[in-house]
file query32.txt (compact mmCIF, C-alpha atoms)
# COMPACT_ATOMS: atom_id res chain seq x y z
CA MET A 1 19.95 13.24 -3.91
CA LYS A 2 17.48 14.77 -1.46
CA ARG A 3 15.73 16.52 -4.29
CA LEU A 4 15.37 13.25 -6.15
CA LEU A 5 13.66 11.71 -3.14
CA LEU A 6 11.38 14.72 -2.73
CA ILE A 7 9.88 14.45 -6.19
CA PRO A 8 8.12 11.08 -5.70
CA LEU A 9 7.12 12.20 -2.20
CA ILE A 10 5.38 15.31 -3.48
CA ALA A 11 3.80 13.31 -6.28
CA ALA A 12 2.51 10.80 -3.75
CA LEU A 13 1.03 13.55 -1.59
CA THR A 14 -0.69 15.11 -4.57
CA MET A 15 -2.20 11.78 -5.37
CA THR A 16 -3.54 11.19 -1.88
CA ALA A 17 -5.18 14.56 -2.32
CA ARG A 18 -6.76 13.18 -5.46
CA ALA A 19 -8.39 10.47 -3.36
CA GLN A 20 -10.25 13.13 -1.36
CA ASP A 21 -13.89 13.51 -2.14
CA ASP A 22 -16.99 14.84 -0.48
CA ALA A 23 -19.67 12.60 0.95
CA ILE A 24 -21.85 13.12 -2.11
CA GLY A 25 -19.12 11.80 -4.38
CA LYS A 26 -18.31 8.96 -2.04
CA PHE A 27 -21.78 7.66 -1.25
CA PHE A 28 -24.09 9.19 -3.83
CA GLY A 29 -21.94 9.36 -6.93
CA LYS A 30 -24.38 7.11 -8.72
CA TYR A 31 -27.16 9.71 -8.38
CA LEU A 32 -25.17 12.56 -9.86
CA ASP A 33 -26.34 11.60 -13.34
CA ASP A 34 -29.79 10.49 -12.25
CA SER A 35 -32.54 12.61 -13.81
CA ARG A 36 -34.60 12.55 -10.61
CA PHE A 37 -31.91 14.56 -8.87
CA THR A 38 -30.88 18.16 -9.13
CA VAL A 39 -27.19 18.84 -8.67
CA VAL A 40 -25.62 22.15 -7.80
CA SER A 41 -21.88 22.20 -7.51
CA VAL A 42 -19.10 24.72 -7.17
CA SER A 43 -15.62 23.47 -7.91
CA PRO A 44 -12.33 24.45 -6.25
CA ARG A 45 -11.48 26.33 -9.42
CA MET A 46 -14.62 28.42 -9.09
CA PHE A 47 -13.83 29.12 -5.44
CA ARG A 48 -10.51 30.53 -6.53
CA LEU A 49 -12.19 32.62 -9.22
CA MET A 50 -14.41 34.13 -6.54
CA SER A 51 -11.47 36.18 -5.32
CA LYS A 52 -12.09 38.40 -8.35
CA VAL A 53 -15.66 39.15 -7.30
CA ASN A 54 -16.42 42.47 -5.64
CA TRP A 55 -16.44 41.60 -1.94
CA ASP A 56 -17.33 45.08 -0.64
CA THR A 57 -20.95 44.28 0.07
CA ILE A 58 -20.23 40.86 1.59
CA PRO A 59 -20.23 40.57 5.39
CA SER A 60 -16.85 39.62 6.83
CA ASP A 61 -18.07 36.41 8.47
CA LEU A 62 -19.36 35.19 5.13
CA LYS A 63 -16.21 36.30 3.37
CA GLN A 64 -13.98 34.41 5.78
CA THR A 65 -16.16 31.31 5.61
CA VAL A 66 -16.26 31.22 1.84
CA SER A 67 -12.54 31.90 1.46
CA ARG A 68 -11.81 28.74 3.42
CA LEU A 69 -14.11 26.51 1.39
CA GLN A 70 -12.73 24.31 -1.36
CA SER A 71 -15.80 22.83 -2.89
CA PHE A 72 -19.50 22.79 -2.41
CA ARG A 73 -22.22 20.51 -3.68
CA ILE A 74 -25.93 19.97 -3.31
CA LEU A 75 -27.81 16.91 -4.42
CA SER A 76 -31.57 17.18 -4.11
CA THR A 77 -34.71 15.47 -5.31
CA GLU A 78 -38.43 15.73 -4.84
CA THR A 79 -38.92 12.00 -5.32
CA THR A 80 -39.51 9.84 -2.23
CA PRO A 81 -37.63 12.05 0.25
CA SER A 82 -37.89 9.72 3.22
CA VAL A 83 -36.53 6.77 1.25
CA PHE A 84 -33.45 8.69 0.24
CA TYR A 85 -33.06 10.08 3.74
CA LYS A 86 -32.93 6.56 5.13
CA GLU A 87 -30.56 5.50 2.38
CA ALA A 88 -28.28 8.41 3.15
CA LEU A 89 -28.09 7.52 6.82
CA ALA A 90 -27.37 3.92 5.93
CA GLN A 91 -24.77 4.69 3.27
CA ILE A 92 -22.60 7.17 5.09
CA ASP A 93 -19.56 5.66 6.71
CA ARG A 94 -19.78 6.36 10.42
CA LYS A 95 -16.09 5.77 10.91
CA GLU A 96 -15.49 8.91 8.93
CA TYR A 97 -18.51 11.05 9.60
CA GLU A 98 -19.76 11.82 13.04
CA ASP A 99 -23.16 13.14 13.96
CA LEU A 100 -23.27 16.75 14.97
CA ILE A 101 -26.93 17.65 15.23
CA THR A 102 -30.04 15.63 14.55
CA VAL A 103 -33.48 17.18 14.39
CA ARG A 104 -36.57 15.12 13.92
CA ASP A 105 -40.03 16.51 14.34
CA ASN A 106 -43.35 16.29 12.55
CA LYS A 107 -42.35 18.41 9.57
CA ASP A 108 -38.56 18.39 9.45
CA ASN A 109 -35.94 15.76 9.45
CA PHE A 110 -32.38 16.81 9.22
CA ARG A 111 -28.98 15.83 10.37
CA PHE A 112 -25.59 17.47 10.34
CA MET A 113 -22.50 15.36 10.08
CA ILE A 114 -18.86 16.37 10.10
CA ARG A 115 -15.68 14.79 8.89
CA ALA A 116 -12.82 15.96 11.07
CA THR A 117 -9.28 15.20 12.14
CA GLY A 118 -8.55 16.56 15.60
CA ASN A 119 -10.18 19.94 15.91
CA THR A 120 -10.20 20.69 12.20
CA ILE A 121 -13.44 20.06 10.37
CA HIS A 122 -12.84 19.15 6.74
CA GLU A 123 -16.40 18.67 5.68
CA LEU A 124 -19.83 19.68 6.86
CA LEU A 125 -22.62 17.56 5.53
CA MET A 126 -26.28 18.33 5.87
CA ILE A 127 -28.88 15.69 5.16
CA ALA A 128 -32.39 17.01 5.14
CA ALA A 129 -35.78 15.61 4.25
CA ASP A 130 -39.26 17.03 4.53
CA LYS A 131 -42.44 16.36 2.60
CA ASP A 132 -41.23 18.44 -0.34
CA GLY A 133 -37.90 16.80 -0.92
CA PHE A 134 -34.59 15.39 0.09
CA THR A 135 -31.38 17.42 0.14
CA LEU A 136 -27.76 16.50 0.65
CA MET A 137 -25.50 19.47 1.08
CA SER A 138 -21.76 19.23 1.45
CA PHE A 139 -19.19 21.92 2.23
CA VAL A 140 -15.56 20.86 1.93
CA GLY A 141 -12.71 22.98 3.21
CA ASP A 142 -11.63 24.33 6.54
CA ILE A 143 -14.97 24.66 8.31
CA ASP A 144 -15.61 27.00 11.23
CA LEU A 145 -18.99 26.02 12.67
CA ASP A 146 -19.29 29.08 14.88
CA LYS A 147 -18.86 31.39 11.93
CA ILE A 148 -21.40 29.47 9.88
CA SER A 149 -23.82 29.50 12.77
CA ARG A 150 -23.40 33.28 13.11
CA LEU A 151 -24.23 33.84 9.43
CA GLY A 152 -27.87 32.98 9.96
CA ALA A 153 -28.16 34.11 13.56
CA ASP A 154 -30.35 37.02 12.57
CA LEU A 155 -32.61 34.81 10.50
CA ASP A 156 -35.48 33.27 12.39
CA ILE A 157 -37.22 30.12 11.31
CA LYS A 158 -39.65 32.13 9.31
CA GLY A 159 -36.84 33.74 7.35
CA MET A 160 -35.48 30.31 6.77
CA GLU A 161 -38.79 29.13 5.34
CA ASN A 162 -38.61 32.02 2.90
CA LEU A 163 -35.16 30.96 1.87
CA LYS A 164 -36.43 27.48 1.27
CA ASN A 165 -39.27 28.69 -0.88
CA ALA A 166 -36.94 30.88 -2.87
CA LYS A 167 -34.74 27.91 -3.50
CA ARG A 168 -37.52 25.74 -4.87
CA LYS A 169 -38.81 28.35 -7.27
CA MET B 1 57.52 -35.96 0.61
CA GLU B 2 54.91 -38.48 1.58
CA LYS B 3 51.28 -38.16 0.85
CA ALA B 4 50.33 -37.66 4.53
CA ASN B 5 52.97 -34.94 4.79
CA VAL B 6 51.66 -33.19 1.68
CA ILE B 7 48.09 -33.33 2.92
CA ALA B 8 49.12 -31.90 6.31
CA LEU B 9 50.97 -29.06 4.53
CA LEU B 10 47.98 -28.45 2.27
CA GLU B 11 45.67 -28.19 5.30
CA LYS B 12 48.05 -25.68 6.81
CA TYR B 13 48.19 -23.86 3.46
CA TRP B 14 44.40 -23.46 3.29
CA ARG B 15 44.47 -22.03 6.79
CA THR B 16 47.12 -19.57 5.47
CA GLU B 17 49.50 -20.65 8.22
CA THR B 18 52.33 -21.90 5.99
CA SER B 19 55.66 -20.09 5.79
CA VAL B 20 57.13 -18.98 2.48
CA GLU B 21 59.54 -21.97 2.54
CA GLU B 22 56.71 -24.42 3.16
CA GLU B 23 54.70 -22.96 0.31
CA LYS B 24 57.67 -23.20 -2.00
CA ALA B 25 58.24 -26.83 -0.94
CA LEU B 26 54.57 -27.59 -1.62
CA ALA B 27 54.69 -25.94 -5.07
CA ASP B 28 57.96 -27.61 -5.96
CA TRP B 29 56.64 -31.00 -4.95
CA PHE B 30 53.45 -30.57 -7.04
CA ASN B 31 55.39 -29.27 -10.05
CA ALA B 32 57.79 -32.23 -9.84
CA GLN B 33 54.93 -34.76 -10.00
CA ASP B 34 53.70 -36.29 -13.23
CA PRO B 35 50.02 -35.23 -13.43
CA ASP B 36 49.03 -38.70 -14.71
CA THR B 37 50.54 -40.67 -11.86
CA LEU B 38 49.63 -38.18 -9.12
CA ASP B 39 47.68 -39.61 -6.22
CA PRO B 40 43.93 -39.26 -7.01
CA ASP B 41 43.34 -37.43 -3.72
CA LEU B 42 45.85 -34.77 -4.69
CA GLN B 43 45.18 -34.65 -8.42
CA ALA B 44 42.90 -31.57 -8.12
CA TYR B 45 45.71 -29.41 -6.71
CA GLY B 46 48.33 -30.17 -9.34
CA PRO B 47 47.01 -27.70 -11.97
CA LEU B 48 46.54 -25.06 -9.27
CA PHE B 49 50.22 -24.97 -8.31
CA ALA B 50 51.24 -25.29 -11.96
CA TYR B 51 49.14 -22.20 -12.67
CA PHE B 52 50.69 -20.24 -9.79
CA GLY B 53 54.13 -21.11 -11.15
CA GLU B 54 53.25 -19.98 -14.68
CA GLU B 55 51.69 -16.71 -13.58
CA ALA B 56 54.66 -15.85 -11.41
CA ARG B 57 56.85 -16.01 -14.49
CA VAL B 58 54.77 -13.46 -16.46
CA SER B 59 56.65 -10.19 -17.04
CA PRO B 60 55.65 -6.98 -18.79
CA GLY B 61 56.23 -6.84 -22.54
CA PRO B 62 58.58 -4.35 -24.22
CA GLY B 63 57.57 -0.68 -23.94
CA PHE B 64 54.93 -1.38 -21.26
CA GLU B 65 56.03 1.41 -18.95
CA ALA B 66 56.16 3.92 -21.80
CA ARG B 67 52.62 3.04 -22.89
CA ILE B 68 51.21 3.43 -19.35
CA LEU B 69 52.91 6.80 -18.88
CA GLN B 70 51.59 8.01 -22.23
CA ALA B 71 48.04 6.99 -21.33
CA ILE B 72 48.25 8.78 -17.96
CA THR B 73 49.52 11.99 -19.59
CA ALA B 74 46.71 11.85 -22.16
CA ALA B 75 44.04 11.34 -19.47
CA ASP B 76 45.49 14.20 -17.38
CA ALA B 77 45.35 16.56 -20.36
CA GLU B 78 41.71 15.60 -21.02
CA THR B 79 40.51 16.16 -17.45
CA SER B 80 42.28 19.50 -17.06
CA ALA B 81 40.82 20.64 -20.40
CA ALA B 82 37.35 19.57 -19.24
CA ALA B 83 37.77 21.36 -15.92
CA MET B 84 38.74 24.60 -17.63
CA SER B 85 35.91 24.63 -20.16
CA PRO B 86 33.14 22.18 -19.28
CA ALA B 87 30.88 23.59 -21.99
CA ALA B 88 33.44 22.80 -24.67
CA MET B 89 33.37 19.11 -23.69
CA SER B 90 31.56 17.61 -26.66
CA PRO B 91 30.28 14.02 -26.70
CA ALA B 92 33.09 13.18 -29.11
CA ALA B 93 35.67 14.49 -26.68
CA MET B 94 34.02 12.47 -23.93
CA SER B 95 34.39 9.23 -25.84
CA ALA B 96 37.94 10.07 -26.80
CA ALA B 97 38.75 10.66 -23.16
CA ALA B 98 37.20 7.33 -22.29
CA SER B 99 39.59 5.38 -24.52
CA PRO B 100 42.79 4.57 -22.56
CA VAL B 101 41.89 5.33 -18.94
CA PRO B 102 38.22 6.28 -18.52
CA PRO B 103 37.91 9.57 -16.59
CA ARG B 104 35.69 9.55 -13.54
CA SER B 105 32.86 11.73 -14.77
CA PRO B 106 31.11 9.31 -17.21
CA VAL B 107 30.96 6.64 -14.47
CA PHE B 108 29.53 9.21 -12.10
CA HIS B 109 26.84 10.24 -14.60
CA PHE B 110 25.94 6.63 -15.21
CA GLN B 111 25.23 6.12 -11.50
CA TRP B 112 22.97 9.16 -11.39
CA GLY B 113 21.07 7.66 -14.26
CA LEU B 114 20.57 4.50 -12.23
CA VAL B 115 19.35 6.48 -9.23
CA SER B 116 16.81 8.43 -11.25
CA ALA B 117 15.68 5.26 -13.00
CA ALA B 118 15.11 3.65 -9.62
CA ALA B 119 13.21 6.71 -8.45
CA ALA B 120 11.04 6.62 -11.56
CA VAL B 121 10.20 2.94 -11.07
CA LEU B 122 9.40 3.52 -7.40
CA PHE B 123 7.22 6.44 -8.34
CA LEU B 124 5.29 4.43 -10.93
CA VAL B 125 4.69 1.53 -8.57
CA ALA B 126 3.61 3.87 -5.79
CA SER B 127 1.24 5.71 -8.09
CA LEU B 128 -0.38 2.43 -9.11
CA PHE B 129 -1.30 1.81 -5.48
CA LEU B 130 -2.30 5.36 -4.72
CA LEU B 131 -4.49 5.68 -7.78
CA GLN B 132 -6.67 2.76 -6.71
CA PRO B 133 -10.11 4.12 -5.86
CA ASN B 134 -10.10 3.57 -2.12
CA GLN B 135 -13.71 4.17 -1.21
CA LYS B 136 -13.87 2.46 2.13
CA HIS B 137 -10.76 3.97 3.68
CA PRO B 138 -10.06 7.30 2.06
CA VAL B 139 -6.71 8.75 3.01
CA GLU B 140 -7.12 11.35 5.71
CA THR B 141 -4.73 13.99 4.52
CA PRO B 142 -5.43 17.64 5.13
CA VAL B 143 -5.64 19.17 1.70
CA THR B 144 -4.59 22.67 0.92
CA ALA B 145 -6.49 24.62 -1.66
CA ASP B 146 -3.62 24.32 -4.10
CA THR B 147 -3.11 20.56 -4.04
CA ARG B 148 -6.83 20.08 -4.26
CA ALA B 149 -7.01 22.36 -7.24
CA VAL B 150 -4.23 20.52 -9.03
CA ALA B 151 -5.50 17.09 -8.24
CA GLY B 152 -9.25 17.49 -8.58
CA THR B 153 -11.39 14.49 -7.67
CA PRO B 154 -11.96 11.05 -9.21
CA VAL B 155 -13.52 11.04 -12.65
CA LEU B 156 -16.90 9.66 -11.62
CA ALA B 157 -17.44 12.12 -8.84
CA ARG B 158 -15.56 15.13 -10.15
CA VAL B 159 -17.04 18.37 -8.91
CA THR B 160 -18.18 20.04 -12.05
CA ASP B 161 -19.35 23.60 -12.07
CA THR B 162 -23.00 24.48 -12.22
CA TYR B 163 -22.18 28.14 -12.67
CA ASP B 164 -19.82 29.82 -15.06
CA ASP B 165 -19.95 33.12 -13.26
CA PRO B 166 -18.11 33.33 -9.93
CA GLU B 167 -20.62 35.88 -8.75
CA GLN B 168 -23.52 33.49 -9.27
CA ALA B 169 -21.55 30.69 -7.66
CA LEU B 170 -20.87 32.89 -4.68
CA ALA B 171 -24.55 33.74 -4.42
CA ALA B 172 -25.43 30.05 -4.45
CA VAL B 173 -22.85 29.21 -1.81
CA ARG B 174 -24.01 32.13 0.31
CA HIS B 175 -27.57 30.95 0.01
CA ALA B 176 -26.64 27.41 0.97
CA LEU B 177 -24.55 28.62 3.88
CA LEU B 178 -27.50 30.62 5.17
CA ILE B 179 -29.76 27.58 4.98
CA ALA B 180 -27.16 25.44 6.72
CA SER B 181 -26.64 28.13 9.32
CA ALA B 182 -30.33 28.50 9.99
CA HIS B 183 -30.72 24.75 10.35
CA LEU B 184 -27.72 24.56 12.64
CA ASN B 185 -29.18 27.25 14.86
CA GLU B 186 -32.57 25.62 14.84
CA GLY B 187 -30.98 22.34 15.86
CA ARG B 188 -29.01 23.96 18.63
CA LYS B 189 -32.09 25.77 19.89
CA GLN B 190 -34.01 22.51 20.10
CA ILE B 191 -31.19 20.91 22.02
CA THR B 192 -31.04 23.72 24.55
CA ASN B 193 -34.84 23.73 24.92
CA LYS B 194 -34.94 20.07 25.79
call {"tool": "encode", "arguments": {"input": "query32.txt", "output": "C-alpha cells"}}
result
Amino acid sequence: MKRLLLIPLIAALTMTARAQDDAIGKFFGKYLDDSRFTVVSVSPRMFRLMSKVNWDTIPSDLKQTVSRLQSFRILSTETTPSVFYKEALAQIDRKEYEDLITVRDNKDNFRFMIRATGNTIHELLMIAADKDGFTLMSFVGDIDLDKISRLGADLDIKGMENLKNAKRK
Amino acid sequence: MEKANVIALLEKYWRTETSVEEEKALADWFNAQDPDTLDPDLQAYGPLFAYFGEEARVSPGPGFEARILQAITAADAETSAAAMSPAAMSPAAMSAAASPVPPRSPVFHFQWGLVSAAAAVLFLVASLFLLQPNQKHPVETPVTADTRAVAGTPVLARVTDTYDDPEQALAAVRHALLIASAHLNEGRKQITNK
C-alpha cells in the first residue's frame, strides 16, 4: 500500500523538477531562436559526461564548482546592448531573483542576481552590457560564490579584458 | 382489538418496545383482517405482517444440509491445494473454485485492482496540473542532478548542447566561470572602495 502511494509522489516530484528552468529560459526563451543572438549552452547531460574528462590539470576549486553545476547557458548579442539590458532588468521576476552586485560606470554595466532558498544558491545570473554587446549568463546548480570568486582572484581587470577579447573572436 | 389499540401497539412496535406476545397479537390481528375492509389508516401494514408470516413458514428444501456440506468440502480442498502450490493455480482452477463458495483471494485481488486504478487516476489528474507551464510561480524545489537529468526542461526552453565534446563544454564553462568570477571580484572591489 505504501509503495503504491510512493509511486505518484515520486512522479509528482519529478514533474516539479521539470518545471525548473534558468532565467534565460524563463524570461528570454523567445530570443533563443532569434538570429541576432548567440546562444551557448551546456546541458545537464553534458555536465555528467564531463566526469569522463581528464581532470588532472584542472584546479580543485574549478573542479568542485563545475561538479556542482547542472546546466549553463549564455545568451549574447551585439545588437542594441543597452536596450536588452533594460529589458532584462524589467523582465526578471524580483520575487525570485535578488540582486547580488550591481556595477555601473562609464564603460561597464553589469549585475549579478541569485535565485536562492535559505542559504543555498540555485542559480547565479549575470547580466552585462557594454558598448560591444549584451550578455546574459546563467549557472544553475549548487552555487558556491566564494569558490567562484576565488577562481578569478589571480586575474586582474586587465586579464579579464583579455578574456573578453578572446571570447569575441 | 380496536383501531386505537392497534395504533398504540404499532407505535410501540416501531419503537421496538413490544414483547413477543404483543407482536404476535399484532400479527394475528392483521392476518385475521380482510385486506379490502381494513381501515385505510392501517391498510399499509397488512401486507407487511402477511409477509412476515409467510417468511416465517419457509423451511429448507430436501437435501439442503448435504448440499451445503458438499460445497464447503469442495471449497476447503481448493484453498488447501492453492496454498500448497500457488503456481499450479491456473485461471481455470480459479474460476472453478469460485463456483459454489467463492474463495477469498479473487475478492482480495479485485480490491487491489481498484486501489491501483484510483492511484492511476489520481496520478493522471495531478500530472495535468503539474505539467501546466507555470511561468510566474515556478515551484521552488531543490533539484538533484539526477531528477534534473531525467526531467529536462520545458520544450521551448530546453537546454540544448552547443558542444558535443565534454572537453570543449568544460572549457567553455571554465571560461565563463572565470569571466563571472572576475566580474564578481571587480564588483566587490568597487563596493569596498566606496
call {"tool": "atom_distance", "arguments": {"input": "query32.txt", "atom1": "atom CA of A:Asn119", "atom2": "atom CA of A:Ile101"}}
result
16.9 Å
call {"tool": "residues_around", "arguments": {"input": "query32.txt", "residues": "stretch 164-180 of chain B", "least_positions_apart": "4", "cutoff": "9 Å", "atoms": "all atoms listed in the file", "output": "PyMOL selection string"}}
result
(chain A and resi 40-42+46-54+62+65-66+72-74+112+126+137+139+148-149+151-152+155+160+163-164+167) or (chain B and resi 184-185)
call {"tool": "closest_residue", "arguments": {"input": "query32.txt", "among": "A:Asp105, A:Asp21, A:Asp34, A:Asp146", "to": "chain B", "atoms": "all atoms listed in the file"}}
result
A:Asp21
call {"tool": "atom_distance", "arguments": {"input": "query32.txt", "atom1": "atom CA of B:Ser19", "atom2": "atom CA of B:Asp36"}}
result
28.5 Å
call {"tool": "closest_residue", "arguments": {"input": "query32.txt", "among": "A:Arg115, A:Lys131, A:Lys86, A:Arg45", "to": "chain B", "atoms": "only C-alpha atoms"}}
result
A:Arg45
call {"tool": "closest_residue", "arguments": {"input": "query32.txt", "among": "B:Asp28, B:Asp161, B:Glu186, B:Glu54", "to": "A:Val39", "atoms": "all atoms listed in the file"}}
result
B:Asp161
call {"tool": "atom_distance", "arguments": {"input": "query32.txt", "atom1": "atom CA of B:Asp41", "atom2": "atom CA of B:Leu26"}}
result
15.1 Å
call {"tool": "residues_around", "arguments": {"input": "query32.txt", "residues": "B:Phe49", "least_positions_apart": "3", "cutoff": "8 Å", "atoms": "only C-alpha atoms", "output": "list of chain:residue names"}}
result
B:Ala27, B:Phe30, B:Asn31, B:Tyr45, B:Gly46, B:Phe52, B:Gly53
call {"tool": "closest_residue", "arguments": {"input": "query32.txt", "among": "A:Val103, A:Met113, A:Val140, A:Val83", "to": "chain B", "atoms": "all atoms listed in the file"}}
result
A:Val103
call {"tool": "residues_around", "arguments": {"input": "query32.txt", "residues": "A:Gln91", "least_positions_apart": "2", "cutoff": "10 Å", "atoms": "all atoms listed in the file", "output": "list of chain:residue names"}}
result
A:Ala23, A:Lys26, A:Phe27, A:Phe28, A:Tyr85, A:Lys86, A:Glu87, A:Ala88, A:Leu89, A:Asp93, A:Arg94
